[in-house]
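Down below is the structure, laid out as structure tokens.
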Amino acid sequence: MSPARPGDMPASDSRSSAPVLVFDSGVGGLSVAAEIRRQWPQLSLAYVCDNAALPYGTKPDDWLIPRIVQVCVAAVEASGARALVVACNTASTLALAALREALSIPVIGTVPAIKPAAASARARQSAARREKGEPPVFALLATSATVRRAYTEQLIRDFAADCRVIRIAADPLVAEAERRLRGEPARPEVVAASLADLAAVEALEVVILGCTHFPLLGADISQVLGESRVALVDSGAAIARRVAEVLALGAAAQAADQQLAQAAQQVAQEVEQKAAQAVQPAPREHMALATDARQPGLATALASQGFAAPQALAFDD
């Protein structure tokens with residue numbers, strides 16, 4: 001089945017029913033999609049991944065920018081999206097301006113959570129270390145591209161000049177998160193090796209999960225670093241709030257969504273109690289697009305967050 005096109009939509013459909021398109025190089029953006037759905041359960045979503053070019057973090061900038069624009073423009077056209085969420089730190093720190101120039105819909109980016117991480121590190125710092133004049137300490141765990149990006153350096157200068165910021169490139173964690181969502185066995189040794197330098201930092205207060213793949217490994221990261229010792233910060237909740245602001249969803253709509261979700265949950269529980277063996281209707285599936293729709297395990301990963309089997313995305317390469 002070919003992807004739906006904006007022109008294929010019924011004339012009665014309004015922009016308010018059009019989906020919010022979540023874009024990532026792989027399936028890491030599913031962590032952002034999950035947070036958007038948690039806050040806004042009735043919001044229609046679509047997902048697109050440029051998995052044929054994964055990982056972005058090791059690609060040259062001058063190749064990535066036009067690639068990202070081409071993929072996103074084609075996916076917006078195919079899905080009829082009313083907003084684009086760039087759920088990829090590498091793409092956001094590199095191509096937001098180009099995307100906003102190329103598209104007429106709102107484009108919401110993902111950037112490393114430097115400001116909230118600095119605030120959290122200051123709050124968590126011990127009085128003894130503060131009295132000694134030692135700086136608050138936090139780490140940015142991200143891909144090679146995000147760690148070295150000038151935009152990241154500017155965020156640190158603007159919001160964390162008084163902090164010691166440890167930057168760790170952890171590209172192997174991208175592949176590990178992808179593997180796990182495809183249903184392949186976990187490799188905790190990959191996580192441990194990527195975090196070995198951080199685990200040795202005694203004064204570490206906070207770690208930014210600076211890639212949308214990394215929240216998918218949050219439990220493993222906490223286990224290696226010490227859940228009670230180090231706080232993990234990511235951008236998912238902030239992105240979901242920004243989506244609400246841009247689309248003017250409002251508190252009333254959020255309350256209505258929550259009431260609908262609670263009512264649906266209650267009905268489901270009652271049905272389950274009365275007829276444990278009854279066949280339940282399948283949940284609504286959301287459109288998914290991919291530059292390599294045949295990738296093994298991709299459909300499994302997408303289905304874990306309520307997305308349909310991926311359709312191949314055609315675009316001018």
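Ligands are numbered from 1 in the order shown, residues from 1 within each chain, and chains are lettered A, B, ... in the order they appear in the structure tokens.
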
Need the shell around Leu217 in chain A: protein/DNA/RNA residues with any atom at most 9 Å away, counting only C-alpha atoms. Skip same-chain ones fewer than 2 positions apart. Format as a tab-separated table (two decimals) with N, CA, C and O atoms, in the first residue's frame?
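Produced file result.tsv, reproduced below:
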```
chain	number	residue	atom	x	y	z
A	173	LEU	N	25.66	3.34	21.91
A	173	LEU	CA	24.36	3.21	22.57
A	173	LEU	C	23.21	3.38	21.59
A	173	LEU	O	22.11	2.87	21.82
A	176	GLU	N	22.70	-0.02	20.20
A	176	GLU	CA	22.16	-0.90	21.24
A	176	GLU	C	20.67	-0.67	21.44
A	176	GLU	O	19.89	-1.62	21.58
A	177	ALA	N	20.26	0.60	21.46
A	177	ALA	CA	18.83	0.91	21.60
A	177	ALA	C	18.04	0.38	20.40
A	177	ALA	O	16.95	-0.18	20.56
A	180	ARG	N	17.58	-3.42	20.72
A	180	ARG	CA	16.62	-3.85	21.75
A	180	ARG	C	15.19	-3.64	21.29
A	180	ARG	O	14.32	-4.49	21.54
A	191	VAL	N	26.56	-0.95	27.23
A	191	VAL	CA	26.21	0.21	28.05
A	191	VAL	C	27.31	0.49	29.06
A	191	VAL	O	27.75	1.63	29.24
A	213	HIS	N	17.63	8.22	21.49
A	213	HIS	CA	17.74	6.78	21.69
A	213	HIS	C	18.01	6.43	23.16
A	213	HIS	O	17.63	5.35	23.62
A	214	PHE	N	18.68	7.32	23.87
A	214	PHE	CA	19.21	6.96	25.17
A	214	PHE	C	18.16	6.75	26.26
A	214	PHE	O	18.36	5.91	27.15
A	215	PRO	N	17.02	7.48	26.27
A	215	PRO	CA	15.99	7.16	27.27
A	215	PRO	C	15.49	5.72	27.18
A	215	PRO	O	15.01	5.17	28.18
A	219	ALA	N	17.04	2.57	32.19
A	219	ALA	CA	17.20	1.67	33.34
A	219	ALA	C	18.63	1.14	33.41
A	219	ALA	O	19.22	1.06	34.51
A	220	ASP	N	19.20	0.79	32.28
A	220	ASP	CA	20.58	0.28	32.25
A	220	ASP	C	21.57	1.38	32.64
A	220	ASP	O	22.53	1.13	33.37
A	221	ILE	N	21.34	2.59	32.13
A	221	ILE	CA	22.24	3.70	32.45
A	221	ILE	C	22.20	4.00	33.95
A	221	ILE	O	23.24	4.21	34.58
A	222	SER	N	21.00	4.02	34.51
A	222	SER	CA	20.87	4.26	35.96
A	222	SER	C	21.57	3.18	36.77
A	222	SER	O	22.20	3.46	37.80
```

Cut-off 10 Å: closest range 162-227 of chain A/range 45-68 of chain A atom pairs per residue, using only C-alpha atoms, as CSV:
```
residue,atom,partner,partner_atom,distance
A:Ala169,CA,A:Gly57,CA,9.6
A:Ala170,CA,A:Gly57,CA,9.9
A:Asp171,CA,A:Gly57,CA,7.3
A:Pro172,CA,A:Pro55,CA,9.8
A:Val174,CA,A:Pro55,CA,7.6
A:Ala175,CA,A:Pro55,CA,8.1
A:Cys211,CA,A:Gly57,CA,9.8
```

**Message:** Ranking A:Gly80, A:Gly210, A:Gly109, A:Pro185 by minimum distance to Thr143 in chain A and counting only C-alpha atoms, which one comes first?
**Reply:**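 Checking each of A:Gly80, A:Gly210, A:Gly109, A:Pro185 against Thr143 in chain A, counting only C-alpha atoms, the winner is A:Gly210.
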
**Asked** So which residues of range 54-290 of chain A fall under alpha helix (DSSP H) by DSSP, listed as a ChimeraX atom specification?
**Response** /A:61-79,89-102,114-124,127-131,144-148,150-159,172-181,188-194,196-199,218-225,236-247,250-274

**Message:** I need the residue nearest Ala81 in chain A from this list: A:Leu30, A:Ile108, A:Val224, A:Ala18. Use only C-alpha atoms for the distance.
**Reply:**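 Among A:Leu30, A:Ile108, A:Val224, A:Ala18, it is A:Ala18 that comes nearest to Ala81 in chain A.
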